[in-house]
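First the structure, in the form of structure tokens, and then the observations on it.
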Amino acid sequence: MMGKLDFNNKWIVVTGASSGLGEALAIKLASKEGANLIIAARRKEKLDSLKSRIQSEFKREVIVIESDLSDPGSVENLFRESTGKKEVFGIINNAGMTDFNPADIKDFEKYEKIIEVNLKALIKLSLLFLDYFKKKGEGAILNITSMGAFFPLVYQAAYSASKHGAQVFTEILSKENKNKNITISSFAPGGIATEMLSSSGLDKLRGADDPFNWSAEKVAKKAISSFKRKKLLSVPGLVYKLGLILKRILPRKTLLYFLEKSYRKK
Ligand SMILES: NC(=O)c1ccc[n+]([C@@H]2O[C@H](COP(=O)([O-])OP(=O)(O)OC[C@H]3O[C@@H](n4cnc5c(N)ncnc54)[C@H](OP(=O)(O)O)[C@@H]3O)[C@@H](O)[C@H]2O)c1
């Protein structure tokens with residue numbers, strides 16, 4: 001596959017499209033790239049209203065698949081239903097959740113869900129679609145990770161662990177499948193002003209108006225641009241790019257010290 005990816009008239013699956021970054025990715029793909037979409041999440045009513053908006057404003061086709069990605073059966077169903085209905089060209093594994101508290105056994109069920117959605121579902125869908133794309137001879141996978149895939153985010157241990165896993169899995173999968181006409185990319189943003197901030201309580205530390213929390217639209221634009229350029233890893237924002245360099249130099253203990261201070265609840 002030479003040159004940039006072209007999504008025009010292609011079917012792209014976007015998970016976690018009922019809010020935040022996933023919704024912004026779906027809108028950008030339809031409005032700027034001419035893609036048709038298969039959108040998935042648990043909140044069907046939100047997906048239905050996004051479908052209506054995309055169909056009326058951008059004249060693209062949209063299929064809604066209600067799925068709970070913490071349920072392995074629902075993950076397989078998303079693959080079967082989407083590939084059964086349309087010839088899928090790409091998938092963006094964007095669905096994710098966090099918990100912002102000191103790690104504690106009483107919250108283990110929450111961590112299981114985080115691992116199911118952020119890591120297990122992402123691995124399973126990447127592999128199912130990779131197999132399908134191999135048979136088709138083309139395809140593209142974008143996995144949304146996080147700065148938490150590189151930094152040990154204190155007070156979000158399960159989230160950060162799941163994102164580290166998702167990042168390394170994606171990089172290895174890409175290496176193992178070079179020259180197969182299949183793009184496998186990752187995108188690791190810093191803070192985004194989405195529901196994730198309020199649902200986790202992170203907004204009490206840095207609100208949606210904090211300059212470090214970018215808008216979902218701005219982040220989606222960067223994600224699609226780097227996906228089209230088939231980047232193995234893209235990190236939006238100079239401050240985070242510099243952060244990654246600093247991370248290589250600083251001792252782990254120092255890094256943990258600063259991250260604990262920065263995420264300590266007031
Ligand atoms: N916000 C940030 O600061 C930030 C920073 C770095 C990376 N990210 C990553 O960006 C991605 C999108 O997050 P966001 O900020 O846009 O958060 P968000 O607004 O809370 O959106 C999360 C999406 O994931 C879906 N989701 C959650 N649990 C699910 C489940 N069990 N089954 C199916 N879908 C599920 C949600 O849909 P339903 O609730 O309808 O199921 C929703 O559409 C995530 O992977 C996140 O880790 C976010």
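To be explicit about the labels: the chains of the structure tokens are called A, B, and onward in the order shown, and within each one the residues are counted from 1, while ligands get numbers from 1 in the order they are shown.
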
Find the nearest atom pair between each residue of chain A and ligand 1 for residues within 6 Å, count only C-alpha atoms and all ligand atoms, give distances in Å to one decimal, sort rows by chain and ascending number, and present the table as CSV.
residue,atom,partner,partner_atom_place_in_ligand_line,distance
A:Gly16,CA,ligand 1,43 (O),3.2
A:Ala17,CA,ligand 1,43 (O),4.5
A:Ser18,CA,ligand 1,43 (O),3.9
A:Ser19,CA,ligand 1,43 (O),4.4
A:Gly20,CA,ligand 1,16 (O),3.4
A:Leu21,CA,ligand 1,16 (O),3.7
A:Gly22,CA,ligand 1,16 (O),5.6
A:Ala41,CA,ligand 1,34 (N),3.9
A:Arg42,CA,ligand 1,41 (O),3.5
A:Arg43,CA,ligand 1,40 (O),3.7
A:Ser67,CA,ligand 1,33 (C),5.5
A:Asp68,CA,ligand 1,32 (N),3.5
A:Leu69,CA,ligand 1,32 (N),3.7
A:Ser70,CA,ligand 1,31 (N),4.6
A:Asn94,CA,ligand 1,45 (O),4.6
A:Ala95,CA,ligand 1,24 (O),3.5
A:Gly96,CA,ligand 1,45 (O),3.7
A:Met97,CA,ligand 1,27 (C),5.3
A:Val117,CA,ligand 1,31 (N),5.7
A:Ile144,CA,ligand 1,45 (O),5.4
A:Thr145,CA,ligand 1,7 (C),5.7
A:Ser146,CA,ligand 1,7 (C),4.0
A:Pro189,CA,ligand 1,6 (C),4.7
A:Gly190,CA,ligand 1,5 (C),4.8
A:Gly191,CA,ligand 1,3 (O),3.4
A:Ile192,CA,ligand 1,3 (O),3.8
A:Ala193,CA,ligand 1,1 (N),5.8
A:Thr194,CA,ligand 1,19 (O),4.5
A:Glu195,CA,ligand 1,19 (O),4.1
A:Met196,CA,ligand 1,20 (O),3.7
A:Leu197,CA,ligand 1,1 (N),5.9

Output for the residues just chosen: N, CA and C atoms as a PDB file, in the first residue's frame:
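Just written: result-v4.pdb:
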ATOM      1  N   GLY A  16     -16.374   3.028  20.836  1.00  0.00           N
ATOM      2  CA  GLY A  16     -16.466   4.144  21.778  1.00  0.00           C
ATOM      3  C   GLY A  16     -16.862   5.433  21.076  1.00  0.00           C
ATOM      4  N   ALA A  17     -17.790   5.322  20.120  1.00  0.00           N
ATOM      5  CA  ALA A  17     -18.179   6.495  19.319  1.00  0.00           C
ATOM      6  C   ALA A  17     -19.350   7.258  19.939  1.00  0.00           C
ATOM      7  N   SER A  18     -19.801   6.866  21.140  1.00  0.00           N
ATOM      8  CA  SER A  18     -20.967   7.536  21.724  1.00  0.00           C
ATOM      9  C   SER A  18     -20.599   8.843  22.406  1.00  0.00           C
ATOM     10  N   SER A  19     -19.293   9.111  22.576  1.00  0.00           N
ATOM     11  CA  SER A  19     -18.898  10.395  23.170  1.00  0.00           C
ATOM     12  C   SER A  19     -17.426  10.681  22.883  1.00  0.00           C
ATOM     13  N   GLY A  20     -17.004  11.863  23.294  1.00  0.00           N
ATOM     14  CA  GLY A  20     -15.586  12.232  23.308  1.00  0.00           C
ATOM     15  C   GLY A  20     -14.832  12.047  22.009  1.00  0.00           C
ATOM     16  N   LEU A  21     -13.660  11.460  22.129  1.00  0.00           N
ATOM     17  CA  LEU A  21     -12.783  11.307  20.975  1.00  0.00           C
ATOM     18  C   LEU A  21     -13.396  10.427  19.889  1.00  0.00           C
ATOM     19  N   GLY A  22     -14.065   9.338  20.293  1.00  0.00           N
ATOM     20  CA  GLY A  22     -14.657   8.430  19.306  1.00  0.00           C
ATOM     21  C   GLY A  22     -15.703   9.124  18.455  1.00  0.00           C
ATOM     22  N   ALA A  41     -20.735   1.168  20.794  1.00  0.00           N
ATOM     23  CA  ALA A  41     -20.604   1.559  22.209  1.00  0.00           C
ATOM     24  C   ALA A  41     -21.792   0.947  22.940  1.00  0.00           C
ATOM     25  N   ARG A  42     -21.897   1.202  24.254  1.00  0.00           N
ATOM     26  CA  ARG A  42     -23.056   0.672  24.988  1.00  0.00           C
ATOM     27  C   ARG A  42     -24.282   1.570  24.829  1.00  0.00           C
ATOM     28  N   ARG A  43     -24.099   2.880  24.816  1.00  0.00           N
ATOM     29  CA  ARG A  43     -25.254   3.795  24.811  1.00  0.00           C
ATOM     30  C   ARG A  43     -25.812   3.975  23.394  1.00  0.00           C
ATOM     31  N   SER A  67     -22.672  -2.415  21.655  1.00  0.00           N
ATOM     32  CA  SER A  67     -21.807  -3.464  22.208  1.00  0.00           C
ATOM     33  C   SER A  67     -21.188  -3.057  23.533  1.00  0.00           C
ATOM     34  N   ASP A  68     -21.100  -4.036  24.415  1.00  0.00           N
ATOM     35  CA  ASP A  68     -20.393  -3.840  25.678  1.00  0.00           C
ATOM     36  C   ASP A  68     -19.072  -4.594  25.555  1.00  0.00           C
ATOM     37  N   LEU A  69     -18.005  -3.849  25.359  1.00  0.00           N
ATOM     38  CA  LEU A  69     -16.707  -4.479  25.066  1.00  0.00           C
ATOM     39  C   LEU A  69     -16.064  -5.108  26.305  1.00  0.00           C
ATOM     40  N   SER A  70     -16.728  -5.004  27.467  1.00  0.00           N
ATOM     41  CA  SER A  70     -16.212  -5.747  28.624  1.00  0.00           C
ATOM     42  C   SER A  70     -16.752  -7.178  28.598  1.00  0.00           C
ATOM     43  N   ASN A  94     -10.977   2.655  19.929  1.00  0.00           N
ATOM     44  CA  ASN A  94     -10.913   3.891  20.711  1.00  0.00           C
ATOM     45  C   ASN A  94     -11.574   3.752  22.087  1.00  0.00           C
ATOM     46  N   ALA A  95     -12.532   2.829  22.234  1.00  0.00           N
ATOM     47  CA  ALA A  95     -13.273   2.715  23.502  1.00  0.00           C
ATOM     48  C   ALA A  95     -12.301   2.544  24.665  1.00  0.00           C
ATOM     49  N   GLY A  96     -12.588   3.238  25.761  1.00  0.00           N
ATOM     50  CA  GLY A  96     -11.705   3.113  26.912  1.00  0.00           C
ATOM     51  C   GLY A  96     -12.338   3.698  28.157  1.00  0.00           C
ATOM     52  N   MET A  97     -11.829   3.280  29.302  1.00  0.00           N
ATOM     53  CA  MET A  97     -12.303   3.829  30.575  1.00  0.00           C
ATOM     54  C   MET A  97     -11.170   3.823  31.589  1.00  0.00           C
ATOM     55  N   VAL A 117     -11.905  -3.850  28.493  1.00  0.00           N
ATOM     56  CA  VAL A 117     -12.215  -2.875  27.433  1.00  0.00           C
ATOM     57  C   VAL A 117     -10.929  -2.325  26.796  1.00  0.00           C
ATOM     58  N   ILE A 144      -6.035   3.508  19.812  1.00  0.00           N
ATOM     59  CA  ILE A 144      -5.863   4.720  20.616  1.00  0.00           C
ATOM     60  C   ILE A 144      -5.337   4.295  21.985  1.00  0.00           C
ATOM     61  N   THR A 145      -4.134   4.747  22.299  1.00  0.00           N
ATOM     62  CA  THR A 145      -3.600   4.428  23.634  1.00  0.00           C
ATOM     63  C   THR A 145      -3.650   5.701  24.471  1.00  0.00           C
ATOM     64  N   SER A 146      -2.514   6.170  24.977  1.00  0.00           N
ATOM     65  CA  SER A 146      -2.548   7.330  25.879  1.00  0.00           C
ATOM     66  C   SER A 146      -1.114   7.645  26.289  1.00  0.00           C
ATOM     67  N   PRO A 189      -2.560  10.135  22.882  1.00  0.00           N
ATOM     68  CA  PRO A 189      -2.768  11.539  23.267  1.00  0.00           C
ATOM     69  C   PRO A 189      -2.559  11.788  24.758  1.00  0.00           C
ATOM     70  N   GLY A 190      -2.357  13.071  25.098  1.00  0.00           N
ATOM     71  CA  GLY A 190      -2.396  13.511  26.498  1.00  0.00           C
ATOM     72  C   GLY A 190      -3.850  13.809  26.845  1.00  0.00           C
ATOM     73  N   GLY A 191      -4.071  14.749  27.760  1.00  0.00           N
ATOM     74  CA  GLY A 191      -5.435  15.028  28.228  1.00  0.00           C
ATOM     75  C   GLY A 191      -6.376  15.522  27.138  1.00  0.00           C
ATOM     76  N   ILE A 192      -7.623  15.028  27.183  1.00  0.00           N
ATOM     77  CA  ILE A 192      -8.655  15.472  26.249  1.00  0.00           C
ATOM     78  C   ILE A 192      -9.884  15.860  27.087  1.00  0.00           C
ATOM     79  N   ALA A 193     -10.519  16.964  26.702  1.00  0.00           N
ATOM     80  CA  ALA A 193     -11.698  17.421  27.448  1.00  0.00           C
ATOM     81  C   ALA A 193     -12.915  16.603  27.047  1.00  0.00           C
ATOM     82  N   THR A 194     -13.092  15.444  27.680  1.00  0.00           N
ATOM     83  CA  THR A 194     -14.210  14.549  27.353  1.00  0.00           C
ATOM     84  C   THR A 194     -14.894  14.106  28.645  1.00  0.00           C
ATOM     85  N   GLU A 195     -15.922  13.279  28.471  1.00  0.00           N
ATOM     86  CA  GLU A 195     -16.641  12.728  29.632  1.00  0.00           C
ATOM     87  C   GLU A 195     -15.715  11.956  30.570  1.00  0.00           C
ATOM     88  N   MET A 196     -14.620  11.426  30.006  1.00  0.00           N
ATOM     89  CA  MET A 196     -13.710  10.628  30.837  1.00  0.00           C
ATOM     90  C   MET A 196     -13.203  11.438  32.033  1.00  0.00           C
ATOM     91  N   LEU A 197     -13.029  12.742  31.838  1.00  0.00           N
ATOM     92  CA  LEU A 197     -12.544  13.592  32.932  1.00  0.00           C
ATOM     93  C   LEU A 197     -13.566  13.649  34.058  1.00  0.00           C
TER      94      LEU A 197
END

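Considering the residues A:Leu153, A:Ala30, A:Leu256, A:Ile123 and counting only C-alpha atoms, Phe169 (chain A) has its shortest atom-to-atom contact with A:Ile123.
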
### Message
Taking only region 59-188 of chain A into account, list the residues labelled strand (DSSP E) by DSSP (computed from the backbone), as an NGL selection string.
### Response
:A and (62-66 or 88-93 or 139-144 or 182-187)

Under the rule of at most 8 Å, produce a per-residue listing of region 126-214 of chain A near region 221-231 of chain A: chain, number, name, the closest pair of atoms, and the distance in Å, as CSV, using only C-alpha atoms.
residue,atom,partner,partner_atom,distance
A:Leu142,CA,A:Phe227,CA,6.7
A:Thr183,CA,A:Lys230,CA,6.1
A:Ile184,CA,A:Lys230,CA,7.4
A:Ser185,CA,A:Lys231,CA,5.8
A:Ser186,CA,A:Lys231,CA,7.4
A:Phe187,CA,A:Ala223,CA,6.3

Go ahead and write the residues just picked, N, CA and C atoms, as a tab-separated table (two decimals), in the first residue's frame.
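In the end it all went to again_1.tsv:
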chain	number	residue	atom	x	y	z
A	142	LEU	N	-6.17	1.32	13.76
A	142	LEU	CA	-5.61	2.38	14.61
A	142	LEU	C	-6.01	2.10	16.05
A	183	THR	N	-2.03	-1.50	7.41
A	183	THR	CA	-1.46	-0.49	8.30
A	183	THR	C	-1.88	-0.79	9.74
A	184	ILE	N	-0.89	-0.80	10.64
A	184	ILE	CA	-1.21	-0.96	12.07
A	184	ILE	C	-0.55	0.20	12.81
A	185	SER	N	-1.37	1.10	13.35
A	185	SER	CA	-0.87	2.34	13.93
A	185	SER	C	-1.34	2.51	15.36
A	186	SER	N	-0.61	3.36	16.09
A	186	SER	CA	-1.07	3.73	17.43
A	186	SER	C	-1.01	5.24	17.58
A	187	PHE	N	-1.89	5.74	18.44
A	187	PHE	CA	-1.98	7.17	18.68
A	187	PHE	C	-2.11	7.38	20.18

### Task
Excluding Lys51 (chain A) and residues on its chain fewer than 3 positions from it, collect all residues at most 8 Å away from it, counting only C-alpha atoms, and give them as a PyMOL selection string.
chain A and resi 47-48+54-55+62-64

Would you export the selected residues with C-alpha atoms as a PDB file, in the first residue's frame, please?
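Done, and the output landed in part_9.pdb:
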ATOM      1  CA  LEU A  47     -25.035   6.312  18.664  1.00  0.00           C
ATOM      2  CA  ASP A  48     -28.461   6.687  17.018  1.00  0.00           C
ATOM      3  CA  ILE A  54     -23.854  12.141  10.082  1.00  0.00           C
ATOM      4  CA  GLN A  55     -26.500  10.987   7.615  1.00  0.00           C
ATOM      5  CA  VAL A  62     -23.819   4.728   9.264  1.00  0.00           C
ATOM      6  CA  ILE A  63     -24.499   1.418  11.001  1.00  0.00           C
ATOM      7  CA  VAL A  64     -24.976   1.306  14.783  1.00  0.00           C
TER       8      VAL A  64
END

### Task
Mind listing the alpha helix (DSSP H) residues of region 77-214 of chain A, per DSSP on the backbone, as a ChimeraX atom specification?
/A:77-85,108-115,121-136,157-176,195-200

### Message
If we count only C-alpha atoms and set the cut-off at 12 Å, which residues sit around Lys266 (chain A), ignoring sequence neighbours fewer than 4 positions away in its own chain? Please answer as a ChimeraX atom specification.
### Response
/A:201-206,260-262

### Message
Report as a VMD selection string all protein, DNA and RNA residues lying within 7 Å of region 88-93 of chain A, evaluated on only C-alpha atoms, omitting residues in the same chain fewer than 3 positions from it.
### Response
chain A and resid 10 to 15 83 122 139 to 144

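Each of A:Ser126, A:Lys135, A:Pro152, A:Tyr240 was compared to Arg252 (chain A) using only C-alpha atoms, and A:Pro152 turns out to be the nearest.
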
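Atom to atom, CA of Gln167 (chain A) and CA of Leu125 (chain A) stand 14.4 Å apart.
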
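A straight line drawn from CA of Val235 (chain A) to CA of Ala188 (chain A) is 5.1 Å long.
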
### Spatial neighbours of Pro102 (chain A), 8 Å, only C-alpha atoms, chain gap at least 2 places, as a ChimeraX atom specification
/A:100,104,154-157

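The space between CA of Gly73 (chain A) and CA of Tyr132 (chain A) spans 18.1 Å.
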
## Note on the structure
Ser31 (chain A) proximity check over A:Lys124, A:Arg53, A:Lys134, A:Lys253, using only C-alpha atoms: winner is A:Arg53

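Counting only C-alpha atoms, the residue from A:Phe129, A:Phe108, A:Phe212, A:Phe58 that sits nearest to Arg80 (chain A) is A:Phe129.
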
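Between Met147 (chain A) and the candidates A:Ala24, A:Lys46, A:Leu128, A:Lys247, the tightest atom-to-atom separation, counting only C-alpha atoms, involves A:Lys247.
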